[in-house]
Every structure is written in structure tokens, then in C-alpha cells.
Amino acid sequence: MHELSMAQGIVNSVIETAEANDATEVNEVVIEIGKLVLINPEQLSFMIGVLSENTIVEKAKFEINEIPVEIKCPECNFHGNAETDDLDHYAPMVECPKCENKRISILNGKDCIVKNIVIEKSDD
Amino acid sequence: MHKVADIEVQHNIMAANKKLADKNLKKLEDKGIFSIDMVGAIGSGKTTLIEKIVDEDDFKAGVLAGDVISKFDADRIKNHDVPVVGVNTGRECHLDAHLVDHSIEDLPLEDINLLIIENVGNLICPVDFDLGSHLRIVVVSVTEGDDTVEKHPFIFQTSDIIIINKIDIADAVGADADKMVADAKKINPDAKIIKTSFKEEIGFDEVMNEIKNFQKNI
């Protein structure tokens, strides 16, 4: 159930930024979730909905974008995205798709980032 | 009439935990404490392994015993005369760096040189949360099924020592411990993989030696 703590972190971050910018309402929130973060986007959306109730985020539309796992292989110098393996895993296995080396550097795909928000402000 | 503004936030939710984990590690290192994050499913043998480690004379250990709502594990370890702080996560499925930050304050940090953090029994959620440890040990028992390692690659990929436990009853539960070793090797070629039965005194010395090796090399 760690979608709940992740959702709480996201909602807190949105509210803080919105309030710091004198928002009266938040219209949109864009979130990026790396494919290596073990989070189910549907459950996350549900939790965000629950936690946003009675806040200025309540009516916001959340856009959740999945970020592929970007790796660099020190063996064959492959630089690109990891692929889903053939072991029936939904998330990418972290290995070099070219030479199958598992000792690779993960450059992207482990983060959960609140990218930007669209807010409404009063005229004064 | 309202104005609409697009605000760049760029707030990394994972980074907040990582930053706190780094702070925890620094605090422990300043006091000369080596720390272990012990992960594994419910009933894999984490608490039994911790009981055995704290009984050895090699370290002066302190333990954070993470659990969802109970304090059974903390009470078990307390019987070994070491300082223990029970950490209840409430409804959460893992410890995070924030909980560890608060809980280590309740341990006598001046009197210990080893901190063992027993994570909540779970092979999935702890993956995403660094706590501030030098070493992650995952304990998996043959009773969980010999496909457990390949089904949960991420926790095995992020662990330094992989323990395949309860090998004495592998036949009785129809599990192939060597398959689990092979799967672990494939997923994480750098990890130390040890087959154990803490009940039958198999493999524990090797676990202790590896912990000491890791401590020497930090």
C-alpha cells in the first residue's frame, strides 16, 4: 500500500507550490513516474483523489506519465532504454538489452516527480 | 475573471526519502556504526537471523524492529539483552528514512557499533525506500516457493547478501533451493548468496563472515 505515502507526498508538494503562488484552485497536475518505481498508477490516482478531497487540488486533472528505464552499459557502451524481459515481468528487468550485462548504470526511471501544475489566481 | 498560471514544480518525491536516508547514514557513520537493512517476506526468518547475530560477540548491536502494528519481534529481540526500538508503520508496508530518522534517536547510539533495521515483512515495497544502511540483506525461505526469487527481481537486485533459508525442509515443501540460488545469481551476479537453515545451524558462520567483510570494505 505504499501508493498512499507516495500520493501523500505528491498532494503535499502540489498544495505547497499552489499556496506559495497564491493559487485559488489547481486545474492540472503533471506527474512523471519511472517504470522502476513499484507503483501502480491506477491505485496512485485513486489515492490522490481521496487525499485531495476538500483541498484546492480537489478538482485538478492529474496526468501521470510513465518514464522508461534509461541505462548505460559499461561493457558494450549501449545507451538507451531497458526492455521488458521474457520472464513474464511487467516492469523492465534491469539489464543491457544488447549484451545482457546486469552490471549497468541506471540513469533514469527510478523517480517520482511532480513536474508542473496549472493554477488559477485571483486578479488582485 | 481569473488568471491561469503554469508553474514548474520539479519536486522529486523519491529524492526526499533519499536525502533523509543519506542524512541517517552520515549520522550513523559519525558515530562509527555499521548499519544493515534486513528485508524479506513474513516468516522468512529475519527475526531469527537477527537474534543469532546479536548473540555473537563481534558487535555491540542495536535493533530497530519494524512492524505494521505489533511488537512481537521487538519483544523477541529484547530477550537477548540488546537495545531494541519497535517501529510501527501503522498501515504502511515498509519503513522509510523518515521513520528511521526518528527511531534511531531512541537507541543508545554511543553504546553500539552495529545497527540492524528489521524492515516490514514484504518483498515489494521496501525496494523503493533507502533507509540509510551500508548493507541490505534479503532473507527468502524455500517455503515461499522456489519461484519467489524470479518473481521479485527488484528486491534481489538491490540486496548485497541473499540468504536462501530453511533449506533443511526444501524437500518437504517441494522446493529446489539450488534453483533459487541460480535465479539469484542471474538477477544479481555481484551479491553473496548463502544457503542456510538457522534451525539446523547451516550457513550462519558464512553470513557472519560476509557481514564482517562488508564492514571492512566500507
# chains A, B, ... in the order shown; residues from 1 in each chain; ligands from 1
call {"tool": "closest_atom_pairs", "arguments": {"of": "chain A", "to": "chain B", "cutoff": "6 Å", "atoms": "only C-alpha atoms", "output": "CSV"}}
result
residue,atom,partner,partner_atom,distance
A:Asp111,CA,B:Met14,CA,5.7
A:Cys112,CA,B:Ile13,CA,5.4
A:Ile113,CA,B:Asn12,CA,4.3
A:Val114,CA,B:His11,CA,5.1
A:Lys115,CA,B:Gln10,CA,4.5
A:Asn116,CA,B:Glu8,CA,4.3
A:Ile117,CA,B:Ile7,CA,5.2
A:Val118,CA,B:Asp6,CA,4.3
A:Ile119,CA,B:Ala5,CA,5.3
A:Glu120,CA,B:Val4,CA,4.5
A:Lys121,CA,B:Lys3,CA,5.1
A:Ser122,CA,B:His2,CA,5.1
A:Asp123,CA,B:His2,CA,5.8
call {"tool": "write_last_selection", "arguments": {"atoms": "all heavy atoms", "output": "CSV table (one decimal), in the first residue's frame"}}
result
chain,number,residue,atom,x,y,z
A,111,ASP,N,12.5,7.5,-10.4
A,111,ASP,CA,12.0,8.7,-9.7
A,111,ASP,C,10.5,8.9,-9.8
A,111,ASP,O,9.9,8.3,-10.7
A,111,ASP,CB,12.7,10.0,-10.2
A,111,ASP,CG,14.2,9.9,-9.8
A,111,ASP,OD1,14.5,9.5,-8.7
A,111,ASP,OD2,15.0,10.3,-10.7
A,112,CYS,N,10.0,9.7,-8.9
A,112,CYS,CA,8.6,10.1,-9.0
A,112,CYS,C,8.6,11.6,-8.8
A,112,CYS,O,8.9,12.1,-7.8
A,112,CYS,CB,7.8,9.4,-7.8
A,112,CYS,SG,6.1,10.0,-7.7
A,113,ILE,N,8.2,12.3,-9.9
A,113,ILE,CA,8.5,13.7,-9.9
A,113,ILE,C,7.1,14.5,-10.2
A,113,ILE,O,6.4,14.1,-11.1
A,113,ILE,CB,9.5,14.1,-11.0
A,113,ILE,CG1,10.9,13.5,-10.6
A,113,ILE,CG2,9.6,15.6,-11.2
A,113,ILE,CD1,11.9,13.6,-11.7
A,114,VAL,N,6.9,15.5,-9.4
A,114,VAL,CA,5.8,16.4,-9.7
A,114,VAL,C,6.4,17.4,-10.7
A,114,VAL,O,7.2,18.2,-10.3
A,114,VAL,CB,5.2,17.1,-8.5
A,114,VAL,CG1,4.1,18.1,-8.9
A,114,VAL,CG2,4.7,16.1,-7.5
A,115,LYS,N,6.0,17.4,-12.0
A,115,LYS,CA,6.7,18.2,-13.0
A,115,LYS,C,6.2,19.6,-12.9
A,115,LYS,O,6.9,20.6,-12.8
A,115,LYS,CB,6.4,17.7,-14.4
A,115,LYS,CG,7.2,16.5,-14.8
A,115,LYS,CD,8.6,16.8,-15.0
A,115,LYS,CE,8.9,17.4,-16.4
A,115,LYS,NZ,10.4,17.6,-16.5
A,116,ASN,N,4.9,19.8,-13.2
A,116,ASN,CA,4.3,21.2,-13.1
A,116,ASN,C,2.8,21.2,-12.8
A,116,ASN,O,2.2,20.1,-12.9
A,116,ASN,CB,4.6,21.9,-14.5
A,116,ASN,CG,3.9,21.2,-15.6
A,116,ASN,OD1,4.3,20.0,-15.9
A,116,ASN,ND2,2.9,21.8,-16.2
A,117,ILE,N,2.4,22.3,-12.4
A,117,ILE,CA,0.9,22.4,-12.1
A,117,ILE,C,0.4,23.7,-12.8
A,117,ILE,O,1.1,24.6,-13.0
A,117,ILE,CB,0.7,22.5,-10.6
A,117,ILE,CG1,1.3,23.8,-10.0
A,117,ILE,CG2,1.2,21.3,-9.9
A,117,ILE,CD1,1.0,24.0,-8.5
A,118,VAL,N,-0.9,23.6,-13.2
A,118,VAL,CA,-1.6,24.8,-13.7
A,118,VAL,C,-2.6,25.2,-12.7
A,118,VAL,O,-3.4,24.5,-12.2
A,118,VAL,CB,-2.3,24.4,-15.0
A,118,VAL,CG1,-3.1,25.6,-15.6
A,118,VAL,CG2,-1.3,23.9,-16.1
A,119,ILE,N,-2.4,26.5,-12.3
A,119,ILE,CA,-3.2,27.0,-11.2
A,119,ILE,C,-4.1,28.2,-11.7
A,119,ILE,O,-3.8,28.8,-12.7
A,119,ILE,CB,-2.4,27.5,-10.0
A,119,ILE,CG1,-1.3,28.5,-10.4
A,119,ILE,CG2,-1.7,26.3,-9.4
A,119,ILE,CD1,-0.7,29.3,-9.3
A,120,GLU,N,-5.1,28.5,-10.9
A,120,GLU,CA,-5.9,29.7,-11.1
A,120,GLU,C,-5.6,30.7,-10.0
A,120,GLU,O,-5.4,30.3,-8.8
A,120,GLU,CB,-7.4,29.4,-11.1
A,120,GLU,CG,-7.8,29.0,-12.4
A,120,GLU,CD,-9.4,28.9,-12.5
A,120,GLU,OE1,-10.0,29.7,-11.9
A,120,GLU,OE2,-9.8,28.0,-13.2
A,121,LYS,N,-5.4,32.0,-10.3
A,121,LYS,CA,-5.2,33.0,-9.3
A,121,LYS,C,-6.2,34.1,-9.4
A,121,LYS,O,-6.8,34.3,-10.5
A,121,LYS,CB,-3.8,33.7,-9.6
A,121,LYS,CG,-2.7,32.7,-9.6
A,121,LYS,CD,-1.4,33.4,-10.1
A,121,LYS,CE,-0.7,34.1,-9.0
A,121,LYS,NZ,0.8,34.1,-9.3
A,122,SER,N,-6.5,34.8,-8.4
A,122,SER,CA,-7.5,35.9,-8.5
A,122,SER,C,-6.7,37.1,-9.1
A,122,SER,O,-5.5,37.1,-9.0
A,122,SER,CB,-8.0,36.2,-7.1
A,122,SER,OG,-7.0,36.7,-6.3
A,123,ASP,N,-7.5,38.0,-9.6
A,123,ASP,CA,-6.8,39.1,-10.3
A,123,ASP,C,-6.1,40.1,-9.4
A,123,ASP,O,-5.1,40.7,-9.8
A,123,ASP,CB,-7.9,39.9,-11.1
A,123,ASP,CG,-8.1,39.2,-12.5
A,123,ASP,OD1,-7.2,38.5,-12.9
A,123,ASP,OD2,-9.2,39.4,-13.0
call {"tool": "atom_distance", "arguments": {"atom1": "CA of Leu107 (chain A)", "atom2": "CA of Asn40 (chain A)"}}
result
21.4 Å
call {"tool": "select_by_dssp", "arguments": {"residues": "region 14-112 of chain A", "states": "strand (DSSP E or B)", "output": "PyMOL selection string"}}
result
chain A and resi 23-34+61-67+70-72+79-81+105-108+112
call {"tool": "write_last_selection", "arguments": {"atoms": "N, CA and C atoms", "output": "mmCIF file, in the first residue's frame"}}
result
data_model
loop_
_atom_site.group_PDB
_atom_site.id
_atom_site.type_symbol
_atom_site.label_atom_id
_atom_site.label_comp_id
_atom_site.auth_asym_id
_atom_site.auth_seq_id
_atom_site.Cartn_x
_atom_site.Cartn_y
_atom_site.Cartn_z
ATOM 1 N N ALA A 23 -2.436 30.506 -5.353
ATOM 2 C CA ALA A 23 -3.466 29.884 -6.181
ATOM 3 C C ALA A 23 -4.801 29.860 -5.447
ATOM 4 N N THR A 24 -5.879 30.008 -6.212
ATOM 5 C CA THR A 24 -7.208 29.823 -5.627
ATOM 6 C C THR A 24 -7.701 28.408 -5.929
ATOM 7 N N GLU A 25 -7.146 27.817 -6.979
ATOM 8 C CA GLU A 25 -7.518 26.460 -7.360
ATOM 9 C C GLU A 25 -6.412 25.850 -8.225
ATOM 10 N N VAL A 26 -6.295 24.534 -8.185
ATOM 11 C CA VAL A 26 -5.337 23.859 -9.063
ATOM 12 C C VAL A 26 -6.135 23.161 -10.160
ATOM 13 N N ASN A 27 -5.809 23.462 -11.423
ATOM 14 C CA ASN A 27 -6.541 22.868 -12.546
ATOM 15 C C ASN A 27 -5.906 21.574 -13.042
ATOM 16 N N GLU A 28 -4.581 21.577 -13.101
ATOM 17 C CA GLU A 28 -3.882 20.419 -13.686
ATOM 18 C C GLU A 28 -2.614 20.117 -12.912
ATOM 19 N N VAL A 29 -2.264 18.823 -12.862
ATOM 20 C CA VAL A 29 -1.002 18.408 -12.243
ATOM 21 C C VAL A 29 -0.364 17.368 -13.170
ATOM 22 N N VAL A 30 0.901 17.570 -13.504
ATOM 23 C CA VAL A 30 1.599 16.594 -14.344
ATOM 24 C C VAL A 30 2.646 15.876 -13.492
ATOM 25 N N ILE A 31 2.567 14.535 -13.471
ATOM 26 C CA ILE A 31 3.474 13.726 -12.661
ATOM 27 C C ILE A 31 4.230 12.761 -13.572
ATOM 28 N N GLU A 32 5.487 12.545 -13.267
ATOM 29 C CA GLU A 32 6.272 11.538 -14.005
ATOM 30 C C GLU A 32 6.673 10.426 -13.051
ATOM 31 N N ILE A 33 6.393 9.169 -13.441
ATOM 32 C CA ILE A 33 6.768 8.036 -12.591
ATOM 33 C C ILE A 33 7.649 7.084 -13.387
ATOM 34 N N GLY A 34 8.850 6.849 -12.878
ATOM 35 C CA GLY A 34 9.765 5.922 -13.534
ATOM 36 C C GLY A 34 9.216 4.500 -13.480
ATOM 37 N N LYS A 61 -7.039 17.989 -12.667
ATOM 38 C CA LYS A 61 -6.900 16.820 -13.539
ATOM 39 C C LYS A 61 -5.444 16.365 -13.409
ATOM 40 N N PHE A 62 -5.258 15.101 -13.062
ATOM 41 C CA PHE A 62 -3.895 14.579 -12.904
ATOM 42 C C PHE A 62 -3.455 13.829 -14.150
ATOM 43 N N GLU A 63 -2.302 14.199 -14.667
ATOM 44 C CA GLU A 63 -1.750 13.482 -15.813
ATOM 45 C C GLU A 63 -0.519 12.714 -15.306
ATOM 46 N N ILE A 64 -0.548 11.391 -15.427
ATOM 47 C CA ILE A 64 0.579 10.579 -14.938
ATOM 48 C C ILE A 64 1.309 9.982 -16.139
ATOM 49 N N ASN A 65 2.552 10.386 -16.315
ATOM 50 C CA ASN A 65 3.347 9.864 -17.438
ATOM 51 C C ASN A 65 4.386 8.869 -16.932
ATOM 52 N N GLU A 66 4.434 7.695 -17.557
ATOM 53 C CA GLU A 66 5.450 6.707 -17.170
ATOM 54 C C GLU A 66 6.757 6.986 -17.911
ATOM 55 N N ILE A 67 7.843 6.964 -17.175
ATOM 56 C CA ILE A 67 9.160 7.262 -17.748
ATOM 57 C C ILE A 67 9.934 5.945 -17.931
ATOM 58 N N GLU A 70 16.154 4.288 -18.420
ATOM 59 C CA GLU A 70 17.303 4.616 -19.280
ATOM 60 C C GLU A 70 18.580 4.085 -18.627
ATOM 61 N N ILE A 71 19.342 3.325 -19.389
ATOM 62 C CA ILE A 71 20.552 2.725 -18.821
ATOM 63 C C ILE A 71 21.776 2.992 -19.703
ATOM 64 N N LYS A 72 22.932 2.787 -19.076
ATOM 65 C CA LYS A 72 24.182 2.826 -19.845
ATOM 66 C C LYS A 72 24.973 1.576 -19.472
ATOM 67 N N HIS A 79 23.589 2.750 -24.799
ATOM 68 C CA HIS A 79 22.942 3.821 -24.041
ATOM 69 C C HIS A 79 21.515 3.940 -24.571
ATOM 70 N N GLY A 80 20.555 3.635 -23.733
ATOM 71 C CA GLY A 80 19.167 3.681 -24.184
ATOM 72 C C GLY A 80 18.245 3.097 -23.135
ATOM 73 N N ASN A 81 17.076 2.643 -23.588
ATOM 74 C CA ASN A 81 16.086 2.153 -22.643
ATOM 75 C C ASN A 81 16.154 0.633 -22.440
ATOM 76 N N SER A 105 24.600 1.005 -15.371
ATOM 77 C CA SER A 105 24.217 2.210 -14.626
ATOM 78 C C SER A 105 22.806 2.607 -15.033
ATOM 79 N N ILE A 106 21.980 2.838 -14.025
ATOM 80 C CA ILE A 106 20.609 3.281 -14.295
ATOM 81 C C ILE A 106 20.595 4.808 -14.269
ATOM 82 N N LEU A 107 20.270 5.416 -15.395
ATOM 83 C CA LEU A 107 20.330 6.875 -15.482
ATOM 84 C C LEU A 107 18.978 7.518 -15.198
ATOM 85 N N ASN A 108 17.905 6.790 -15.482
ATOM 86 C CA ASN A 108 16.579 7.370 -15.298
ATOM 87 C C ASN A 108 15.566 6.238 -15.112
ATOM 88 N N CYS A 112 9.955 9.651 -8.909
ATOM 89 C CA CYS A 112 8.554 10.063 -8.972
ATOM 90 C C CYS A 112 8.578 11.577 -8.827
#
call {"tool": "residues_around", "arguments": {"residues": "region 53-60 of chain B", "least_positions_apart": "3", "cutoff": "6 Å", "atoms": "only C-alpha atoms", "output": "PyMOL selection string"}}
result
chain B and resi 50+112-113
call {"tool": "residues_around", "arguments": {"residues": "Val11 (chain A)", "least_positions_apart": "6", "cutoff": "8 Å", "atoms": "only C-alpha atoms", "output": "PDB file with all heavy atoms, in the first residue's frame"}}
result
ATOM      1  N   ILE A  48      -4.675   9.647  -4.709  1.00  0.00           N
ATOM      2  CA  ILE A  48      -4.565  11.102  -4.862  1.00  0.00           C
ATOM      3  C   ILE A  48      -5.957  11.722  -4.767  1.00  0.00           C
ATOM      4  O   ILE A  48      -6.165  12.742  -4.117  1.00  0.00           O
ATOM      5  CB  ILE A  48      -3.888  11.460  -6.214  1.00  0.00           C
ATOM      6  CG1 ILE A  48      -2.389  11.141  -6.147  1.00  0.00           C
ATOM      7  CG2 ILE A  48      -4.096  12.933  -6.552  1.00  0.00           C
ATOM      8  CD1 ILE A  48      -1.656  11.268  -7.474  1.00  0.00           C
ATOM      9  N   LEU A  51      -7.018  11.830  -1.124  1.00  0.00           N
ATOM     10  CA  LEU A  51      -6.266  12.800  -0.319  1.00  0.00           C
ATOM     11  C   LEU A  51      -6.512  14.248  -0.746  1.00  0.00           C
ATOM     12  O   LEU A  51      -6.231  15.173   0.011  1.00  0.00           O
ATOM     13  CB  LEU A  51      -4.760  12.489  -0.394  1.00  0.00           C
ATOM     14  CG  LEU A  51      -4.344  11.159   0.229  1.00  0.00           C
ATOM     15  CD1 LEU A  51      -2.913  10.812  -0.161  1.00  0.00           C
ATOM     16  CD2 LEU A  51      -4.474  11.197   1.748  1.00  0.00           C
ATOM     17  N   SER A  52      -7.011  14.431  -1.977  1.00  0.00           N
ATOM     18  CA  SER A  52      -7.235  15.795  -2.469  1.00  0.00           C
ATOM     19  C   SER A  52      -8.575  16.373  -2.022  1.00  0.00           C
ATOM     20  O   SER A  52      -8.808  17.571  -2.163  1.00  0.00           O
ATOM     21  CB  SER A  52      -7.221  15.817  -4.008  1.00  0.00           C
ATOM     22  OG  SER A  52      -6.032  15.297  -4.493  1.00  0.00           O
ATOM     23  N   VAL A  57      -6.745  21.232  -4.423  1.00  0.00           N
ATOM     24  CA  VAL A  57      -6.354  20.316  -5.511  1.00  0.00           C
ATOM     25  C   VAL A  57      -7.548  19.469  -5.958  1.00  0.00           C
ATOM     26  O   VAL A  57      -7.492  18.772  -6.972  1.00  0.00           O
ATOM     27  CB  VAL A  57      -5.211  19.380  -5.021  1.00  0.00           C
ATOM     28  CG1 VAL A  57      -4.572  18.628  -6.174  1.00  0.00           C
ATOM     29  CG2 VAL A  57      -4.147  20.169  -4.289  1.00  0.00           C
TER      30      VAL A  57
END
call {"tool": "select_by_dssp", "arguments": {"residues": "region 57-141 of chain B", "states": "alpha helix (DSSP H)", "output": "short mmCIF file (atom, residue, chain, number, x, y, z; two decimals) with N, CA, C and O atoms, in the first residue's frame"}}
result
data_model
loop_
_atom_site.label_atom_id
_atom_site.label_comp_id
_atom_site.auth_asym_id
_atom_site.auth_seq_id
_atom_site.Cartn_x
_atom_site.Cartn_y
_atom_site.Cartn_z
N PHE B 72 5.73 -7.99 18.56
CA PHE B 72 6.23 -9.34 18.87
C PHE B 72 7.72 -9.47 18.57
O PHE B 72 8.47 -10.02 19.37
N ASP B 73 8.14 -8.97 17.40
CA ASP B 73 9.54 -9.11 17.01
C ASP B 73 10.44 -8.33 17.96
O ASP B 73 11.49 -8.81 18.39
N ALA B 74 10.01 -7.10 18.29
CA ALA B 74 10.81 -6.28 19.21
C ALA B 74 10.97 -7.00 20.53
O ALA B 74 12.07 -7.05 21.11
N ASP B 75 9.90 -7.60 21.03
CA ASP B 75 9.96 -8.31 22.32
C ASP B 75 10.89 -9.52 22.24
O ASP B 75 11.63 -9.81 23.19
N ARG B 76 10.83 -10.25 21.11
CA ARG B 76 11.71 -11.41 20.95
C ARG B 76 13.17 -11.00 21.04
O ARG B 76 13.99 -11.64 21.70
N ILE B 77 13.52 -9.90 20.35
CA ILE B 77 14.92 -9.48 20.31
C ILE B 77 15.36 -8.92 21.66
O ILE B 77 16.50 -9.11 22.08
N LYS B 78 14.44 -8.25 22.36
CA LYS B 78 14.76 -7.68 23.68
C LYS B 78 15.25 -8.75 24.64
O LYS B 78 16.08 -8.50 25.52
N ALA B 97 12.94 6.42 5.38
CA ALA B 97 14.07 7.09 6.04
C ALA B 97 13.59 8.02 7.15
O ALA B 97 14.28 8.21 8.15
N HIS B 98 12.39 8.57 6.98
CA HIS B 98 11.84 9.48 7.99
C HIS B 98 11.58 8.74 9.31
O HIS B 98 11.97 9.20 10.38
N LEU B 99 10.96 7.55 9.20
CA LEU B 99 10.69 6.75 10.40
C LEU B 99 12.00 6.34 11.08
O LEU B 99 12.12 6.36 12.31
N VAL B 100 12.99 5.97 10.27
CA VAL B 100 14.28 5.54 10.83
C VAL B 100 14.96 6.72 11.52
O VAL B 100 15.50 6.59 12.63
N ASP B 101 14.89 7.88 10.89
CA ASP B 101 15.48 9.10 11.45
C ASP B 101 14.97 9.33 12.88
O ASP B 101 15.74 9.60 13.81
N HIS B 102 13.65 9.21 13.04
CA HIS B 102 13.07 9.43 14.38
C HIS B 102 13.45 8.32 15.35
O HIS B 102 13.77 8.58 16.50
N SER B 103 13.40 7.08 14.86
CA SER B 103 13.53 5.94 15.76
C SER B 103 14.95 5.78 16.28
O SER B 103 15.15 5.35 17.42
N ILE B 104 15.97 6.10 15.46
CA ILE B 104 17.34 5.87 15.95
C ILE B 104 17.67 6.79 17.12
O ILE B 104 18.55 6.49 17.92
#
call {"tool": "atom_distance", "arguments": {"atom1": "CA of Ile167 (chain B)", "atom2": "CA of Lys199 (chain B)"}}
result
9.9 Å
call {"tool": "atom_distance", "arguments": {"atom1": "CA of Lys185 (chain B)", "atom2": "CA of Arg136 (chain B)"}}
result
16.0 Å
call {"tool": "decode", "arguments": {"residues": "region 45-115 of chain A", "atoms": "C-alpha atoms", "output": "PDB file, in the first residue's frame"}}
result
ATOM      1  CA  SER A  45      -4.674   8.058  -8.927  1.00  0.00           C
ATOM      2  CA  PHE A  46      -7.296   6.646  -6.584  1.00  0.00           C
ATOM      3  CA  MET A  47      -5.265   7.613  -3.509  1.00  0.00           C
ATOM      4  CA  ILE A  48      -4.565  11.102  -4.862  1.00  0.00           C
ATOM      5  CA  GLY A  49      -8.315  11.539  -5.351  1.00  0.00           C
ATOM      6  CA  VAL A  50      -9.006  10.566  -1.740  1.00  0.00           C
ATOM      7  CA  LEU A  51      -6.266  12.800  -0.319  1.00  0.00           C
ATOM      8  CA  SER A  52      -7.235  15.795  -2.469  1.00  0.00           C
ATOM      9  CA  GLU A  53     -10.785  15.976  -1.113  1.00  0.00           C
ATOM     10  CA  ASN A  54     -11.598  19.346   0.464  1.00  0.00           C
ATOM     11  CA  THR A  55      -8.314  20.904  -0.684  1.00  0.00           C
ATOM     12  CA  ILE A  56      -7.555  23.333  -3.508  1.00  0.00           C
ATOM     13  CA  VAL A  57      -6.354  20.316  -5.511  1.00  0.00           C
ATOM     14  CA  GLU A  58      -9.768  18.652  -5.367  1.00  0.00           C
ATOM     15  CA  LYS A  59     -10.862  19.490  -8.925  1.00  0.00           C
ATOM     16  CA  ALA A  60      -7.445  19.129 -10.585  1.00  0.00           C
ATOM     17  CA  LYS A  61      -6.900  16.820 -13.539  1.00  0.00           C
ATOM     18  CA  PHE A  62      -3.895  14.579 -12.904  1.00  0.00           C
ATOM     19  CA  GLU A  63      -1.750  13.482 -15.813  1.00  0.00           C
ATOM     20  CA  ILE A  64       0.579  10.579 -14.938  1.00  0.00           C
ATOM     21  CA  ASN A  65       3.347   9.864 -17.438  1.00  0.00           C
ATOM     22  CA  GLU A  66       5.450   6.707 -17.170  1.00  0.00           C
ATOM     23  CA  ILE A  67       9.160   7.262 -17.748  1.00  0.00           C
ATOM     24  CA  PRO A  68      11.161   4.430 -19.356  1.00  0.00           C
ATOM     25  CA  VAL A  69      14.255   2.995 -17.691  1.00  0.00           C
ATOM     26  CA  GLU A  70      17.303   4.616 -19.280  1.00  0.00           C
ATOM     27  CA  ILE A  71      20.552   2.725 -18.821  1.00  0.00           C
ATOM     28  CA  LYS A  72      24.182   2.826 -19.845  1.00  0.00           C
ATOM     29  CA  CYS A  73      26.216  -0.347 -20.217  1.00  0.00           C
ATOM     30  CA  PRO A  74      29.934  -0.145 -19.352  1.00  0.00           C
ATOM     31  CA  GLU A  75      30.607  -3.395 -21.285  1.00  0.00           C
ATOM     32  CA  CYS A  76      29.223  -2.640 -24.766  1.00  0.00           C
ATOM     33  CA  ASN A  77      28.558   1.107 -24.353  1.00  0.00           C
ATOM     34  CA  PHE A  78      24.836   0.694 -25.072  1.00  0.00           C
ATOM     35  CA  HIS A  79      22.942   3.821 -24.041  1.00  0.00           C
ATOM     36  CA  GLY A  80      19.167   3.681 -24.184  1.00  0.00           C
ATOM     37  CA  ASN A  81      16.086   2.153 -22.643  1.00  0.00           C
ATOM     38  CA  ALA A  82      15.874  -1.225 -20.903  1.00  0.00           C
ATOM     39  CA  GLU A  83      13.282  -3.593 -22.327  1.00  0.00           C
ATOM     40  CA  THR A  84      10.737  -5.904 -20.774  1.00  0.00           C
ATOM     41  CA  ASP A  85      12.380  -9.319 -20.455  1.00  0.00           C
ATOM     42  CA  ASP A  86      10.937 -12.696 -21.352  1.00  0.00           C
ATOM     43  CA  LEU A  87      10.476 -13.844 -17.752  1.00  0.00           C
ATOM     44  CA  ASP A  88       6.910 -12.533 -17.623  1.00  0.00           C
ATOM     45  CA  HIS A  89       7.740  -9.376 -15.731  1.00  0.00           C
ATOM     46  CA  TYR A  90       5.722  -6.271 -16.464  1.00  0.00           C
ATOM     47  CA  ALA A  91       8.438  -3.874 -15.346  1.00  0.00           C
ATOM     48  CA  PRO A  92      11.718  -3.856 -17.257  1.00  0.00           C
ATOM     49  CA  MET A  93      14.420  -6.157 -15.965  1.00  0.00           C
ATOM     50  CA  VAL A  94      17.450  -4.015 -15.463  1.00  0.00           C
ATOM     51  CA  GLU A  95      19.941  -5.467 -17.871  1.00  0.00           C
ATOM     52  CA  CYS A  96      21.603  -4.326 -21.057  1.00  0.00           C
ATOM     53  CA  PRO A  97      19.255  -5.265 -23.946  1.00  0.00           C
ATOM     54  CA  LYS A  98      22.284  -5.606 -26.241  1.00  0.00           C
ATOM     55  CA  CYS A  99      24.737  -7.774 -24.275  1.00  0.00           C
ATOM     56  CA  GLU A 100      22.559  -8.856 -21.280  1.00  0.00           C
ATOM     57  CA  ASN A 101      25.059  -7.420 -18.808  1.00  0.00           C
ATOM     58  CA  LYS A 102      23.389  -6.783 -15.444  1.00  0.00           C
ATOM     59  CA  ARG A 103      26.112  -4.542 -14.046  1.00  0.00           C
ATOM     60  CA  ILE A 104      24.775  -1.391 -15.694  1.00  0.00           C
ATOM     61  CA  SER A 105      24.217   2.210 -14.626  1.00  0.00           C
ATOM     62  CA  ILE A 106      20.609   3.281 -14.295  1.00  0.00           C
ATOM     63  CA  LEU A 107      20.330   6.875 -15.482  1.00  0.00           C
ATOM     64  CA  ASN A 108      16.579   7.370 -15.298  1.00  0.00           C
ATOM     65  CA  GLY A 109      13.387   5.538 -14.300  1.00  0.00           C
ATOM     66  CA  LYS A 110      13.656   5.388 -10.505  1.00  0.00           C
ATOM     67  CA  ASP A 111      11.986   8.681  -9.683  1.00  0.00           C
ATOM     68  CA  CYS A 112       8.554  10.063  -8.972  1.00  0.00           C
ATOM     69  CA  ILE A 113       8.454  13.728  -9.934  1.00  0.00           C
ATOM     70  CA  VAL A 114       5.765  16.410  -9.736  1.00  0.00           C
ATOM     71  CA  LYS A 115       6.654  18.204 -12.992  1.00  0.00           C
TER      72      LYS A 115
END
